[in-house]
$ cat work29.txt   # compact mmCIF, C-alpha atoms
# COMPACT_ATOMS: atom_id res chain seq x y z
CA MET L 1 0.41 6.98 1.66
CA HIS L 2 3.66 6.03 -0.02
CA ILE L 3 6.16 7.96 2.04
CA PRO L 4 8.75 9.48 -0.33
CA ASP L 5 12.48 9.77 0.24
CA GLY L 6 13.45 12.65 2.49
CA TYR L 7 10.33 12.73 4.62
CA LEU L 8 11.58 10.36 7.28
CA SER L 9 14.76 10.75 9.31
CA PRO L 10 17.31 7.90 9.36
CA GLN L 11 16.47 7.20 12.99
CA THR L 12 12.96 6.40 11.78
CA TYR L 13 13.48 4.54 8.54
CA ILE L 14 16.43 2.38 9.58
CA PRO L 15 14.64 0.66 12.49
CA LEU L 16 11.57 0.24 10.29
CA TYR L 17 13.71 -1.55 7.72
CA GLY L 18 14.74 -3.90 10.49
CA VAL L 19 11.16 -4.54 11.58
CA SER L 20 9.96 -5.14 8.04
CA MET L 21 12.83 -7.50 7.29
CA ALA L 22 12.05 -9.52 10.40
CA PHE L 23 8.45 -9.83 9.20
CA TRP L 24 9.57 -10.85 5.71
CA GLY L 25 11.70 -13.61 7.20
CA ILE L 26 8.82 -14.97 9.29
CA ALA L 27 6.37 -14.55 6.41
CA LEU L 28 8.49 -16.59 4.02
CA LYS L 29 8.70 -19.41 6.55
CA LYS L 30 4.95 -19.28 7.18
CA ILE L 31 4.11 -19.30 3.50
CA LYS L 32 6.27 -22.34 3.02
CA LYS L 33 4.30 -24.09 5.71
CA GLU L 34 0.79 -22.88 4.99
CA VAL L 35 0.64 -22.43 1.24
CA SER L 36 0.79 -25.26 -1.26
CA ALA L 37 2.67 -25.09 -4.54
CA LYS L 38 -0.66 -25.21 -6.33
CA GLN L 39 -1.40 -21.74 -5.05
CA ILE L 40 1.58 -20.07 -6.68
CA PRO L 41 -0.63 -18.54 -9.39
CA TYR L 42 -2.78 -16.97 -6.68
CA LEU L 43 0.29 -15.44 -5.07
CA ALA L 44 1.19 -13.83 -8.37
CA MET L 45 -2.38 -12.67 -8.89
CA ALA L 46 -2.48 -11.15 -5.44
CA ALA L 47 0.59 -9.03 -6.10
CA ALA L 48 -0.63 -8.00 -9.55
CA PHE L 49 -4.02 -7.09 -8.10
CA SER L 50 -2.52 -4.94 -5.37
CA PHE L 51 -0.34 -3.14 -7.89
CA LEU L 52 -3.30 -2.40 -10.11
CA ILE L 53 -5.72 -1.26 -7.47
CA GLN L 54 -3.16 1.21 -6.18
CA MET L 55 -3.13 2.86 -9.60
CA PHE L 56 -6.73 3.93 -9.20
CA ASN L 57 -6.15 7.27 -7.59
CA ILE L 58 -9.33 8.69 -6.16
CA PRO L 59 -9.47 12.45 -6.02
CA ILE L 60 -10.84 14.64 -3.29
CA PRO L 61 -11.99 17.62 -5.37
CA GLY L 62 -9.50 20.42 -5.02
CA GLY L 63 -7.58 18.43 -2.46
CA THR L 64 -5.41 15.38 -2.50
CA THR L 65 -5.66 11.90 -3.94
CA GLY L 66 -5.55 8.48 -2.38
CA HIS L 67 -6.18 4.90 -3.24
CA ALA L 68 -7.05 1.47 -1.90
CA VAL L 69 -4.27 -1.05 -1.31
CA GLY L 70 -6.00 -4.41 -1.38
CA ALA L 71 -3.90 -5.80 1.47
CA GLY L 72 -7.01 -6.62 3.49
CA ILE L 73 -8.69 -8.83 0.92
CA ILE L 74 -5.40 -10.59 0.19
CA ALA L 75 -5.05 -11.32 3.89
CA LEU L 76 -8.58 -12.74 4.02
CA LEU L 77 -8.15 -14.84 0.90
CA LEU L 78 -4.57 -16.04 1.19
CA GLY L 79 -3.63 -15.30 4.77
CA PRO L 80 -1.94 -12.29 6.36
CA TRP L 81 1.56 -13.66 5.89
CA THR L 82 1.03 -14.06 2.17
CA ALA L 83 -0.29 -10.50 2.08
CA VAL L 84 2.91 -9.31 3.79
CA ILE L 85 5.04 -10.66 0.95
CA ALA L 86 2.67 -9.85 -1.93
CA VAL L 87 2.15 -6.22 -0.94
CA SER L 88 5.82 -5.76 -0.02
CA VAL L 89 6.84 -6.96 -3.48
CA VAL L 90 4.47 -4.41 -4.99
CA LEU L 91 5.74 -1.58 -2.79
CA ILE L 92 9.36 -2.37 -3.61
CA ILE L 93 8.64 -2.41 -7.35
CA GLN L 94 6.75 0.87 -7.03
CA ALA L 95 9.68 2.45 -5.23
CA PHE L 96 12.43 1.25 -7.55
CA VAL L 97 10.72 1.40 -10.91
CA PHE L 98 8.13 4.13 -10.55
CA GLY L 99 9.50 6.37 -7.81
CA ASP L 100 6.26 5.90 -5.85
CA GLY L 101 7.41 5.79 -2.25
CA GLY L 102 11.03 6.35 -1.32
CA ILE L 103 13.89 3.88 -1.42
CA THR L 104 14.84 4.84 2.12
CA ALA L 105 11.19 4.55 3.15
CA ILE L 106 10.61 1.02 1.83
CA GLY L 107 10.81 -0.37 5.34
CA ALA L 108 8.33 2.22 6.59
CA ASN L 109 5.90 1.82 3.71
CA CYS L 110 6.00 -1.96 3.95
CA PHE L 111 5.41 -1.70 7.67
CA ASN L 112 2.27 0.39 7.12
CA MET L 113 0.69 -1.18 4.08
CA ALA L 114 2.13 -4.69 4.03
CA ILE L 115 2.30 -5.49 7.74
CA ILE L 116 -0.06 -3.30 9.80
CA MET L 117 -2.77 -3.36 7.20
CA PRO L 118 -3.13 -7.09 6.46
CA PHE L 119 -2.93 -8.06 10.13
CA VAL L 120 -5.37 -5.44 11.33
CA ALA L 121 -7.72 -6.41 8.50
CA PHE L 122 -7.41 -10.08 9.29
CA TRP L 123 -8.02 -9.66 13.00
CA THR L 124 -10.90 -7.27 12.44
CA PHE L 125 -12.53 -9.73 10.08
CA ASN L 126 -12.23 -12.66 12.44
CA VAL L 127 -13.41 -10.77 15.50
CA ILE L 128 -16.48 -9.26 13.84
CA LYS L 129 -17.38 -12.24 11.71
CA GLY L 130 -17.55 -14.57 14.69
CA PRO L 131 -19.01 -17.89 13.67
CA SER L 132 -20.98 -16.49 10.72
CA GLN L 133 -20.07 -17.68 7.24
CA SER L 134 -22.43 -15.49 5.24
CA GLY L 135 -25.14 -12.94 5.80
CA PRO L 136 -25.01 -9.34 6.97
CA ARG L 137 -22.60 -9.97 9.82
CA PHE L 138 -20.12 -11.62 7.47
CA ILE L 139 -20.40 -8.80 4.95
CA THR L 140 -20.01 -6.17 7.67
CA ALA L 141 -16.89 -7.96 8.86
CA ALA L 142 -15.44 -7.92 5.35
CA PHE L 143 -16.22 -4.23 4.88
CA LEU L 144 -14.78 -3.24 8.23
CA SER L 145 -11.66 -5.31 7.72
CA GLY L 146 -10.80 -3.27 4.64
CA TYR L 147 -12.02 -0.04 6.21
CA ILE L 148 -10.17 -0.37 9.49
CA GLY L 149 -7.14 -1.99 7.89
CA LEU L 150 -6.49 0.90 5.52
CA THR L 151 -7.26 3.49 8.17
CA ALA L 152 -4.79 1.85 10.54
CA ALA L 153 -2.12 1.94 7.84
CA ALA L 154 -2.86 5.61 7.17
CA LEU L 155 -2.66 6.46 10.86
CA SER L 156 0.63 4.65 11.19
CA ALA L 157 2.00 6.62 8.23
CA ALA L 158 0.65 9.84 9.74
CA PHE L 159 2.34 9.00 13.02
CA MET L 160 5.66 8.52 11.21
CA PHE L 161 5.25 11.88 9.47
CA GLY L 162 4.11 13.57 12.64
CA ILE L 163 6.99 12.57 14.90
CA GLN L 164 9.62 13.88 12.47
CA PRO L 165 9.57 17.52 13.64
CA VAL L 166 10.03 16.29 17.22
CA ILE L 167 12.94 13.93 16.65
CA ALA L 168 14.79 15.73 13.89
CA SER L 169 15.09 19.50 13.83
CA GLY L 170 17.92 21.68 12.63
CA PRO L 171 19.83 24.06 14.93
CA ASP L 172 17.44 26.82 13.89
CA GLY L 173 14.52 24.76 15.15
CA ARG L 174 13.19 24.12 11.68
CA PRO L 175 12.31 20.50 10.97
CA LEU L 176 14.84 18.55 8.91
CA TYR L 177 12.40 16.11 7.35
CA ALA L 178 8.60 15.92 7.21
CA PRO L 179 7.58 19.33 8.52
CA TYR L 180 4.11 18.84 9.95
CA PRO L 181 3.53 17.81 13.60
CA LEU L 182 1.21 15.05 14.76
CA SER L 183 -1.59 17.55 15.35
CA ILE L 184 -1.70 18.20 11.61
CA ALA L 185 -0.59 14.89 10.16
CA ILE L 186 -2.99 12.64 12.06
CA PRO L 187 -6.21 14.55 11.27
CA ALA L 188 -5.19 15.10 7.65
CA MET L 189 -4.59 11.42 7.02
CA ALA L 190 -7.40 10.19 9.27
CA ILE L 191 -10.15 12.32 7.79
CA GLU L 192 -9.45 11.63 4.14
CA HIS L 193 -9.20 7.91 4.77
CA LEU L 194 -12.16 7.61 7.12
CA LEU L 195 -14.41 9.53 4.77
CA LEU L 196 -13.34 8.19 1.41
CA PHE L 197 -10.39 5.93 0.70
CA SER L 198 -11.11 3.40 3.43
CA ILE L 199 -14.72 3.16 2.29
CA VAL L 200 -13.46 2.26 -1.17
CA GLU L 201 -11.15 -0.32 0.34
CA GLY L 202 -14.05 -1.77 2.33
CA VAL L 203 -16.32 -1.97 -0.71
CA VAL L 204 -13.61 -3.64 -2.79
CA THR L 205 -13.05 -6.14 0.01
CA VAL L 206 -16.75 -6.98 0.17
CA MET L 207 -17.09 -7.35 -3.60
CA LEU L 208 -14.11 -9.65 -3.87
CA ILE L 209 -14.93 -11.76 -0.87
CA ARG L 210 -18.44 -12.34 -2.20
CA TYR L 211 -17.03 -13.38 -5.53
CA PHE L 212 -14.57 -15.82 -4.01
CA LEU L 213 -17.11 -17.16 -1.57
CA LYS L 214 -19.38 -18.04 -4.45
CA HIS L 215 -16.89 -19.33 -6.95
CA GLU L 216 -13.69 -20.42 -5.25
CA SER L 217 -14.32 -20.71 -1.56
CA THR L 218 -11.79 -23.54 -1.23
CA ILE L 219 -8.80 -21.25 -1.63
CA MET L 220 -9.97 -18.91 1.08
CA TYR L 221 -7.58 -18.85 3.97
CA SER L 222 -10.00 -17.35 6.46
CA MET L 223 -12.66 -19.92 5.58
CA ARG L 224 -10.23 -22.79 5.64
CA GLU L 225 -9.45 -22.07 9.23
CA VAL L 226 -13.10 -22.15 10.11
CA SER L 227 -13.65 -25.51 8.45
CA SER L 228 -10.57 -27.05 9.98
CA GLU L 229 -11.71 -25.94 13.40
CA LYS L 230 -14.96 -27.77 12.92
CA VAL L 231 -13.33 -31.06 12.04
CA MET O 1 -8.31 -3.36 -15.31
CA ALA O 2 -5.01 -2.05 -16.61
CA LEU O 3 -6.92 -0.40 -19.45
CA LEU O 4 -9.19 1.31 -16.95
CA SER O 5 -6.31 2.47 -14.78
CA PRO O 6 -5.95 5.88 -16.49
CA LEU O 7 -9.07 6.83 -14.53
CA GLY O 8 -6.57 7.08 -11.70
CA ILE O 9 -5.01 10.11 -13.37
CA ILE O 10 -7.90 11.51 -15.38
CA LEU O 11 -10.23 11.92 -12.42
CA PRO O 12 -7.72 13.73 -10.19
CA GLU O 13 -6.84 16.01 -13.10
CA LYS O 14 -10.51 16.78 -13.67
CA PHE O 15 -11.14 17.61 -10.04
CA GLY O 16 -7.98 19.65 -9.66
CA ALA O 17 -6.77 17.32 -6.94
CA GLU O 18 -3.10 17.54 -6.10
CA ASP O 19 -0.52 15.11 -4.75
CA ALA O 20 -1.47 12.75 -1.93
CA TRP O 21 -0.96 14.11 1.57
CA GLY O 22 2.68 13.69 2.48
CA GLU O 23 3.77 12.86 -1.06
CA TRP O 24 4.43 16.34 -2.38
CA GLY O 25 7.32 17.01 -4.71
CA LEU O 26 10.04 19.40 -3.60
CA ASP O 27 8.67 22.43 -5.42
CA THR O 28 5.15 21.93 -4.07
CA LEU O 29 6.48 21.57 -0.56
CA GLU O 30 8.56 24.69 -0.85
CA LYS O 31 5.46 26.57 -1.92
CA LEU O 32 3.49 25.19 1.03
CA LEU O 33 6.13 25.93 3.65
CA GLY O 34 8.12 28.80 2.26
CA TYR O 35 11.33 26.81 2.76
CA LEU O 36 12.72 23.32 2.24
CA PRO O 37 13.65 21.20 5.25
CA GLU O 38 17.43 20.53 5.11
CA GLY O 39 17.46 16.77 5.54
CA LEU O 40 14.56 16.36 3.18
CA LYS O 41 16.38 18.25 0.44
CA LYS O 42 19.40 15.99 0.80
CA THR O 43 17.63 12.64 0.59
CA ALA O 44 14.67 13.42 -1.63
CA ASP O 45 16.44 12.74 -4.90
CA ILE O 46 18.51 9.82 -3.72
CA TRP O 47 16.98 7.56 -6.33
CA ALA O 48 16.10 8.28 -9.95
CA ALA O 49 13.31 5.88 -10.89
CA PRO O 50 13.27 4.73 -14.52
CA ILE O 51 9.56 5.59 -14.89
CA PRO O 52 8.90 8.33 -12.32
CA ASP O 53 5.23 8.83 -11.44
CA TYR O 54 4.24 6.14 -13.94
CA THR O 55 4.83 8.64 -16.75
CA PHE O 56 7.33 8.63 -19.60
CA GLY O 57 7.03 12.26 -20.56
CA GLY O 58 7.72 13.91 -17.20
CA ASP O 59 5.40 16.22 -15.32
CA GLY O 60 4.69 18.45 -18.27
CA ALA O 61 3.57 15.68 -20.59
CA LEU O 62 0.25 15.99 -22.36
CA LEU O 63 -2.69 14.08 -20.96
CA PRO O 64 -2.79 11.48 -23.80
CA VAL O 65 0.90 10.72 -23.24
CA LYS O 66 0.24 10.39 -19.53
CA ILE O 67 -2.71 8.10 -20.13
CA LEU O 68 -0.78 5.85 -22.47
CA SER O 69 2.22 5.63 -20.19
CA TYR O 70 -0.07 4.92 -17.25
CA ILE O 71 -1.50 1.91 -19.07
CA VAL O 72 1.97 0.72 -20.05
CA SER O 73 3.13 1.23 -16.46
CA GLY O 74 0.18 -0.78 -15.25
CA ILE O 75 1.07 -3.66 -17.53
CA ILE O 76 4.77 -3.49 -16.61
CA GLY O 77 3.79 -3.41 -12.94
CA ILE O 78 1.50 -6.43 -13.19
CA ILE O 79 4.12 -8.44 -15.04
CA LEU O 80 6.93 -7.47 -12.68
CA ALA O 81 4.86 -8.14 -9.57
CA SER O 82 3.71 -11.55 -10.83
CA VAL O 83 7.17 -12.62 -11.96
CA VAL O 84 8.80 -11.62 -8.69
CA MET O 85 6.11 -13.46 -6.71
CA ILE O 86 6.51 -16.59 -8.81
CA ILE O 87 10.29 -16.50 -8.39
CA ILE O 88 9.93 -16.15 -4.62
CA ALA O 89 7.36 -18.95 -4.47
CA LYS O 90 9.36 -21.27 -6.72
CA TYR O 91 12.41 -20.67 -4.57
CA LEU O 92 10.47 -21.40 -1.39
CA PHE O 93 8.97 -24.63 -2.65
CA LYS O 94 12.12 -25.87 -4.35
CA ASN O 95 13.94 -25.84 -1.04
CA GLU O 96 11.18 -27.90 0.44
CA LYS O 97 11.53 -30.83 -1.87

$ encode --input "work29.txt" --output "C-alpha cells"
Amino acid sequence: MHIPDGYLSPQTYIPLYGVSMAFWGIALKKIKKEVSAKQIPYLAMAAAFSFLIQMFNIPIPGGTTGHAVGAGIIALLLGPWTAVIAVSVVLIIQAFVFGDGGITAIGANCFNMAIIMPFVAFWTFNVIKGPSQSGPRFITAAFLSGYIGLTAAALSAAFMFGIQPVIASGPDGRPLYAPYPLSIAIPAMAIEHLLLFSIVEGVVTVMLIRYFLKHESTIMYSMREVSSEKV
Amino acid sequence: MALLSPLGIILPEKFGAEDAWGEWGLDTLEKLLGYLPEGLKKTADIWAAPIPDYTFGGDGALLPVKILSYIVSGIIGIILASVVMIIIAKYLFKNEK
C-alpha cells in the first residue's frame, strides 16, 4: 500500500505531510522520555525488521501482491511512538532509494503505515488482552492487533485513493489523480487485506510476541506497562 | 532473512501476480483505464530513485539479476534503516545529557 507519486492530489498529500510531521515531533519527544539509551540497538533492529518484512511480497494468484509491515509488533514490543519513527524511517528510505512509495506521498504513507497502524494495533492489543499475560486470550489479542492494524492502514490508504476523483477532476470530468472512486478502492483494498495480507501480519505478530515473551520479556513495552501498573 | 527475501519476487512471478493495488506503473494504468489522468502524469516521475523497484537491471532484467539485486537491496535497506535509526537515537540521547 505504498502510494506512488501522482496518485494523490496536492490538497491531499500536503496536509498529510503536516500531520505526519506533527506526529514525528511528538514521537521523538516521547522516545526520549520512554526509551533508554540501552535500547538503541532495538530501535535499529525494529527498522531493519520492518524493511525486510516488507520485501516479502505475497502474491494473490493472477492478481496483485501485498505484504506485512511489522508496525504492530514493533508497537507492542517498543511502544507505538517508537514504531512511528522506525516505520517512518523505513518508508522514507523506500521512497528515496527504491522508488517504493512516492516522494510526495511520504506524509500519506507514513500516516497509514507508521501512525494509524501502530496505534490501532497497540490499542487493539490492550483492549482484547485485558489483564491476561499469556494463554489464548493473549495470543488472540496479538493476532488481532496485527490483523486489525494492517487492515486499518489499508482502509486509510484506500480512502485516500478513493476520494481523489471527488476532489480533483479535470474540466472534462476525468479524474486528475487516482482514478478509482471509494466504491472500488475500499473493497479492493479491504478484501485482499482481510483475506490474506492481514492474516500474515497477525501470524507474524503472534510468532514474534511469543518469542520475545519467552526470551526477552523485559524489553516489552506493552508488558512493562502492565507490571508498572501492578506496583 | 535478507537471503530469503527473493521469495518476495519469485512467488509473485510464479503466480502471475501483478503490481499491488494502487501501485501500478504508468503504462499498466493506461492499459487499465484507456487514458492517463493529467495530474498523475505530471507528478508520477517527479523522483528518479537510484534503485527503482529494488532492481538494478530495470523491468526487463532476467530473474537471476532481479533476485540478486533484491538481496543486495535488502542488505542496503537493513543497513540504511539501522544507521538512520541509530543516528536519530544518538542525537536524541546526546541532547539529554

$ closest_residue --input "work29.txt" --among "L:Ile128, L:Ala178, L:Leu16, L:Ile167" --to "chain O" --atoms "only C-alpha atoms"
L:Ala178

$ atom_distance --input "work29.txt" --atom1 "atom CA of Ser82 of chain O" --atom2 "atom CA of Leu76 of chain L"
19.3 Å

$ interface_residues --input "work29.txt" --of "chain L" --to "chain O" --cutoff "6 Å" --atoms "only C-alpha atoms" --output "PyMOL selection string"
chain L and resi 5-7+44+47-48+55-57+59+61-66+90+96-99+175-177

$ residues_around --input "work29.txt" --residues "segment 29-35 of chain L" --least-positions-apart "3" --cutoff "7 Å" --atoms "all atoms listed in the file" --output "PyMOL selection string"
(chain L and resi 25-26+39+81-82) or (chain O and resi 92-93)

$ write_last_selection --input "work29.txt" --atoms "C-alpha atoms" --output "short mmCIF file (atom, residue, chain, number, x, y, z; two decimals), in the frame of the given file"
data_model
loop_
_atom_site.label_atom_id
_atom_site.label_comp_id
_atom_site.auth_asym_id
_atom_site.auth_seq_id
_atom_site.Cartn_x
_atom_site.Cartn_y
_atom_site.Cartn_z
CA GLY L 25 11.70 -13.61 7.20
CA ILE L 26 8.82 -14.97 9.29
CA GLN L 39 -1.40 -21.74 -5.05
CA TRP L 81 1.56 -13.66 5.89
CA THR L 82 1.03 -14.06 2.17
CA LEU O 92 10.47 -21.40 -1.39
CA PHE O 93 8.97 -24.63 -2.65
#

$ closest_residue --input "work29.txt" --among "L:Ala152, L:Ala157, L:Met1, L:Leu52" --to "Tyr13 of chain L" --atoms "all atoms listed in the file"
L:Ala157

$ closest_residue --input "work29.txt" --among "L:Phe51, L:Trp123, L:Phe161, L:Phe111" --to "Gly72 of chain L" --atoms "all atoms listed in the file"
L:Trp123

$ closest_residue --input "work29.txt" --among "L:Ala141, L:Ala83, L:Ala154, L:Ala37" --to "Glu192 of chain L" --atoms "only C-alpha atoms"
L:Ala154
